[in-house]
file start28.csv (CSV, C-alpha atoms)
chain,number,residue,atom,x,y,z
A,289,MET,CA,-43.7,-5.1,50.6
A,290,LYS,CA,-40.8,-3.4,52.2
A,291,ARG,CA,-39.0,-0.5,50.6
A,292,LYS,CA,-35.7,-2.3,50.5
A,293,THR,CA,-37.2,-5.3,48.7
A,294,LEU,CA,-39.0,-3.1,46.2
A,295,ARG,CA,-35.7,-1.3,45.4
A,296,LEU,CA,-33.9,-4.7,45.0
A,297,TYR,CA,-36.6,-5.9,42.5
A,298,LEU,CA,-36.4,-2.6,40.5
A,299,LEU,CA,-32.6,-2.9,40.4
A,300,VAL,CA,-32.8,-6.6,39.2
A,301,ILE,CA,-35.4,-5.7,36.5
A,302,SER,CA,-33.4,-2.7,35.4
A,303,LEU,CA,-30.2,-4.8,35.0
A,304,ALA,CA,-32.1,-7.5,33.1
A,305,LEU,CA,-33.6,-4.9,30.7
A,306,LEU,CA,-30.1,-3.3,30.2
A,307,GLY,CA,-28.7,-6.8,29.4
A,308,ILE,CA,-31.5,-7.5,26.9
A,309,ALA,CA,-31.0,-4.1,25.2
A,310,THR,CA,-27.2,-4.7,25.0
A,311,ALA,CA,-27.7,-8.2,23.5
A,312,LEU,CA,-30.1,-6.8,20.9
A,313,VAL,CA,-27.6,-4.0,19.9
A,314,LEU,CA,-24.7,-6.4,19.7
A,315,ASN,CA,-26.8,-8.9,17.6
A,316,ALA,CA,-27.8,-6.2,15.2
A,317,PHE,CA,-24.2,-5.0,14.9
A,318,ASN,CA,-22.9,-8.5,14.3
A,319,ARG,CA,-25.5,-9.1,11.5
A,320,GLU,CA,-24.4,-5.9,9.6
A,321,LEU,CA,-20.7,-6.5,10.0
A,322,VAL,CA,-18.9,-7.1,6.7
A,323,PHE,CA,-15.3,-8.4,6.7
A,324,PHE,CA,-12.7,-7.3,4.1
A,325,PHE,CA,-10.6,-9.9,2.3
A,326,SER,CA,-7.9,-9.8,-0.4
A,327,PRO,CA,-7.7,-12.4,-3.1
A,328,SER,CA,-4.8,-14.0,-1.3
A,329,ASP,CA,-6.9,-14.3,1.9
A,330,ILE,CA,-9.7,-16.0,-0.2
A,331,ALA,CA,-7.1,-18.4,-1.8
A,332,ALA,CA,-6.0,-19.4,1.7
A,333,ASP,CA,-9.4,-19.8,3.2
A,334,GLN,CA,-12.6,-19.2,1.3
A,335,PRO,CA,-15.6,-18.0,3.3
A,336,ALA,CA,-18.9,-20.0,3.3
A,337,ALA,CA,-21.3,-19.6,0.4
A,338,GLY,CA,-23.8,-16.8,1.1
A,339,LYS,CA,-21.7,-14.9,3.6
A,340,THR,CA,-21.4,-11.3,2.6
A,341,ILE,CA,-17.8,-10.0,2.4
A,342,ARG,CA,-15.9,-7.2,0.8
A,343,LEU,CA,-13.1,-8.1,-1.6
A,344,GLY,CA,-10.5,-5.6,-2.5
A,345,GLY,CA,-7.7,-5.3,-4.9
A,346,LEU,CA,-6.9,-4.1,-8.4
A,347,VAL,CA,-9.0,-4.8,-11.5
A,348,GLU,CA,-6.8,-7.1,-13.5
A,349,VAL,CA,-5.9,-5.7,-16.9
A,350,ASP,CA,-7.6,-7.4,-19.9
A,351,SER,CA,-10.0,-9.2,-17.6
A,352,VAL,CA,-13.2,-7.2,-17.9
A,353,THR,CA,-15.8,-8.9,-20.2
A,354,LYS,CA,-19.5,-8.3,-20.7
A,355,LEU,CA,-21.5,-11.5,-20.7
A,356,ASP,CA,-24.1,-12.4,-23.3
A,357,ASP,CA,-27.1,-11.1,-21.3
A,358,GLY,CA,-25.6,-7.6,-21.7
A,359,ALA,CA,-26.1,-6.6,-18.0
A,360,THR,CA,-23.6,-8.9,-16.3
A,361,VAL,CA,-19.9,-8.0,-16.2
A,362,SER,CA,-17.2,-10.4,-15.3
A,363,PHE,CA,-13.7,-9.3,-14.2
A,364,ARG,CA,-10.8,-10.4,-12.1
A,365,VAL,CA,-9.7,-8.7,-8.9
A,366,THR,CA,-6.0,-9.2,-8.0
A,367,ASP,CA,-3.6,-8.2,-5.2
A,368,LEU,CA,-0.7,-9.0,-7.5
A,369,THR,CA,-0.3,-12.4,-5.8
A,370,SER,CA,-3.7,-14.1,-6.3
A,371,SER,CA,-6.7,-13.3,-8.5
A,372,LEU,CA,-10.4,-14.0,-8.2
A,373,ASP,CA,-13.2,-14.0,-10.7
A,374,VAL,CA,-16.1,-11.6,-9.9
A,375,ALA,CA,-19.5,-11.4,-11.6
A,376,TYR,CA,-21.6,-8.2,-11.2
A,377,ARG,CA,-25.0,-7.5,-12.7
A,378,GLY,CA,-25.7,-3.9,-12.9
A,379,VAL,CA,-24.2,-0.6,-13.9
A,380,LEU,CA,-20.5,-0.1,-13.0
A,381,PRO,CA,-19.3,3.1,-11.5
A,382,ASP,CA,-18.0,5.7,-13.9
A,383,LEU,CA,-14.5,5.4,-12.4
A,384,PHE,CA,-14.3,1.6,-12.8
A,385,ARG,CA,-11.5,0.6,-15.1
A,386,GLU,CA,-8.8,-2.0,-15.5
A,387,GLY,CA,-5.7,-1.6,-13.5
A,388,GLN,CA,-7.4,0.5,-10.8
A,389,GLY,CA,-8.4,-0.1,-7.2
A,390,VAL,CA,-11.8,-1.5,-6.4
A,391,VAL,CA,-13.7,-2.9,-3.5
A,392,VAL,CA,-16.6,-5.2,-4.3
A,393,GLN,CA,-19.2,-6.4,-1.8
A,394,GLY,CA,-21.0,-9.7,-2.3
A,395,ALA,CA,-20.9,-13.4,-1.6
A,396,PHE,CA,-19.8,-16.7,-3.1
A,397,ASN,CA,-22.6,-18.6,-4.7
A,398,GLU,CA,-23.1,-22.4,-4.3
A,399,SER,CA,-20.9,-23.1,-7.3
A,400,GLY,CA,-18.0,-21.1,-5.7
A,401,ARG,CA,-18.2,-18.0,-7.9
A,402,PHE,CA,-18.0,-14.6,-6.3
A,403,VAL,CA,-21.1,-12.6,-7.1
A,404,ALA,CA,-20.9,-8.9,-6.3
A,405,THR,CA,-23.9,-6.8,-5.2
A,406,GLU,CA,-22.0,-3.6,-5.0
A,407,VAL,CA,-18.8,-2.2,-6.7
A,408,LEU,CA,-16.9,0.7,-5.2
A,409,ALA,CA,-14.3,2.3,-7.4
A,410,LYS,CA,-11.7,4.8,-6.3
A,411,HIS,CA,-12.9,8.4,-6.3
A,412,ASP,CA,-9.9,10.1,-7.8
A,413,GLU,CA,-6.6,9.3,-9.6
A,414,ASN,CA,-4.5,9.5,-6.4
A,415,TYR,CA,-6.6,7.2,-4.2
A,416,LEU,CA,-6.4,3.5,-3.5
A,417,PRO,CA,-8.8,2.2,-0.8
A,418,PRO,CA,-6.9,1.8,2.5
A,419,GLU,CA,-7.8,-1.9,2.8
A,420,VAL,CA,-6.5,-2.6,-0.7
A,421,ALA,CA,-3.2,-0.7,0.0
A,422,LYS,CA,-2.8,-2.6,3.2
A,423,ALA,CA,-3.4,-6.0,1.5
A,424,LEU,CA,-0.9,-5.1,-1.3
A,425,LYS,CA,1.7,-4.1,1.3
A,426,GLU,CA,1.1,-7.3,3.3
A,427,SER,CA,1.5,-9.4,0.1
A,428,GLY,CA,5.0,-7.9,-0.4
A,429,ARG,CA,4.0,-6.5,-3.8
A,430,TRP,CA,3.6,-2.8,-2.8
A,431,GLN,CA,5.9,-0.4,-4.5
A,432,GLU,CA,5.2,3.3,-4.7
A,433,GLY,CA,6.2,3.6,-8.4
A,434,ALA,CA,4.6,0.3,-9.4
A,435,ALA,CA,1.4,1.1,-7.5
A,436,ASP,CA,1.1,4.4,-9.3
A,437,ALA,CA,1.6,2.6,-12.6
A,438,ALA,CA,-0.9,-0.1,-11.7
A,439,THR,CA,-3.6,2.3,-10.5
A,440,GLY,CA,-2.9,5.0,-13.2
A,441,GLY,CA,-2.3,7.6,-10.5
A,442,GLY,CA,0.5,10.0,-10.5
A,443,GLY,CA,0.6,10.8,-6.8
A,444,THR,CA,1.4,8.9,-3.7
A,445,ASN,CA,-1.0,6.3,-2.3
A,446,PRO,CA,-1.7,5.8,1.4
call {"tool": "encode", "arguments": {"input": "start28.csv", "output": "structure tokens"}}
result
Amino acid sequence: MKRKTLRLYLLVISLALLGIATALVLNAFNRELVFFFSPSDIAADQPAAGKTIRLGGLVEVDSVTKLDDGATVSFRVTDLTSSLDVAYRGVLPDLFREGQGVVVQGAFNESGRFVATEVLAKHDENYLPPEVAKALKESGRWQEGAADAATGGGGTNP
């Protein structure tokens, strides 16, 4: 085999391996990608059952209830335009309370109820997750003073 032909084969094989590696990386990235939605986004177009998403907003006041099994908590997440019922089985973060920002990760079950697998609460009194703040601003309901009152914070939110 000539030297030129050998180099051409090596180049083609190298490009094929690079293409396969790139496809595997992109496939793994796509499987782990989780999209963020607000309750208004869900009201407009609900994702398919079983698809993992993140839902963000404020925990609606007077909506947190413990179910009969003692381990499941039900609450509503709102962006001040729409609200969505969430069920979570497990221990809630210490900072979780009504009227404060929250991001929950989970999926809709077959009956259309959002079942959370993870609850992320804000980490201090002056913080609202950026996704939640953006969704509130896009809904036209964002007001600095009202946001502070709704979240219980005394400072400015992003």
call {"tool": "atom_distance", "arguments": {"input": "start28.csv", "atom1": "CA of Leu346 in chain A", "atom2": "CA of Phe317 in chain A"}}
result
29.0 Å
call {"tool": "closest_residue", "arguments": {"input": "start28.csv", "among": "A:Ser302, A:Asn315, A:Ser351, A:Ser362", "to": "Leu380 in chain A", "atoms": "only C-alpha atoms"}}
result
A:Ser362
call {"tool": "atom_distance", "arguments": {"input": "start28.csv", "atom1": "CA of Asp357 in chain A", "atom2": "CA of Pro327 in chain A"}}
result
26.6 Å
call {"tool": "residues_around", "arguments": {"input": "start28.csv", "residues": "Gln334 in chain A", "least_positions_apart": "3", "cutoff": "10 Å", "atoms": "only C-alpha atoms", "output": "MDAnalysis selection string"}}
result
chainID A and resid 325 327:331 337 396 400
call {"tool": "closest_residue", "arguments": {"input": "start28.csv", "among": "A:Arg364, A:Val347, A:Phe402, A:Leu312", "to": "Leu383 in chain A", "atoms": "only C-alpha atoms"}}
result
A:Val347
call {"tool": "atom_distance", "arguments": {"input": "start28.csv", "atom1": "CA of Gly344 in chain A", "atom2": "CA of Gln388 in chain A"}}
result
10.8 Å
call {"tool": "residues_near_point", "arguments": {"input": "start28.csv", "point": "(-9.6, -7.4, -12.3)", "cutoff": "8 Å", "atoms": "only C-alpha atoms", "output": "list in words"}}
result
Gly345, Leu346, Val347, Glu348, Val349, Asp350, Ser351, Val352, Phe363, Arg364, Val365, Thr366, Ser371, Leu372, Asp373, Glu386 and Gly387 of chain A
call {"tool": "closest_residue", "arguments": {"input": "start28.csv", "among": "A:Ala421, A:Glu398, A:Phe323, A:Arg291", "to": "Ile341 in chain A", "atoms": "only C-alpha atoms"}}
result
A:Phe323
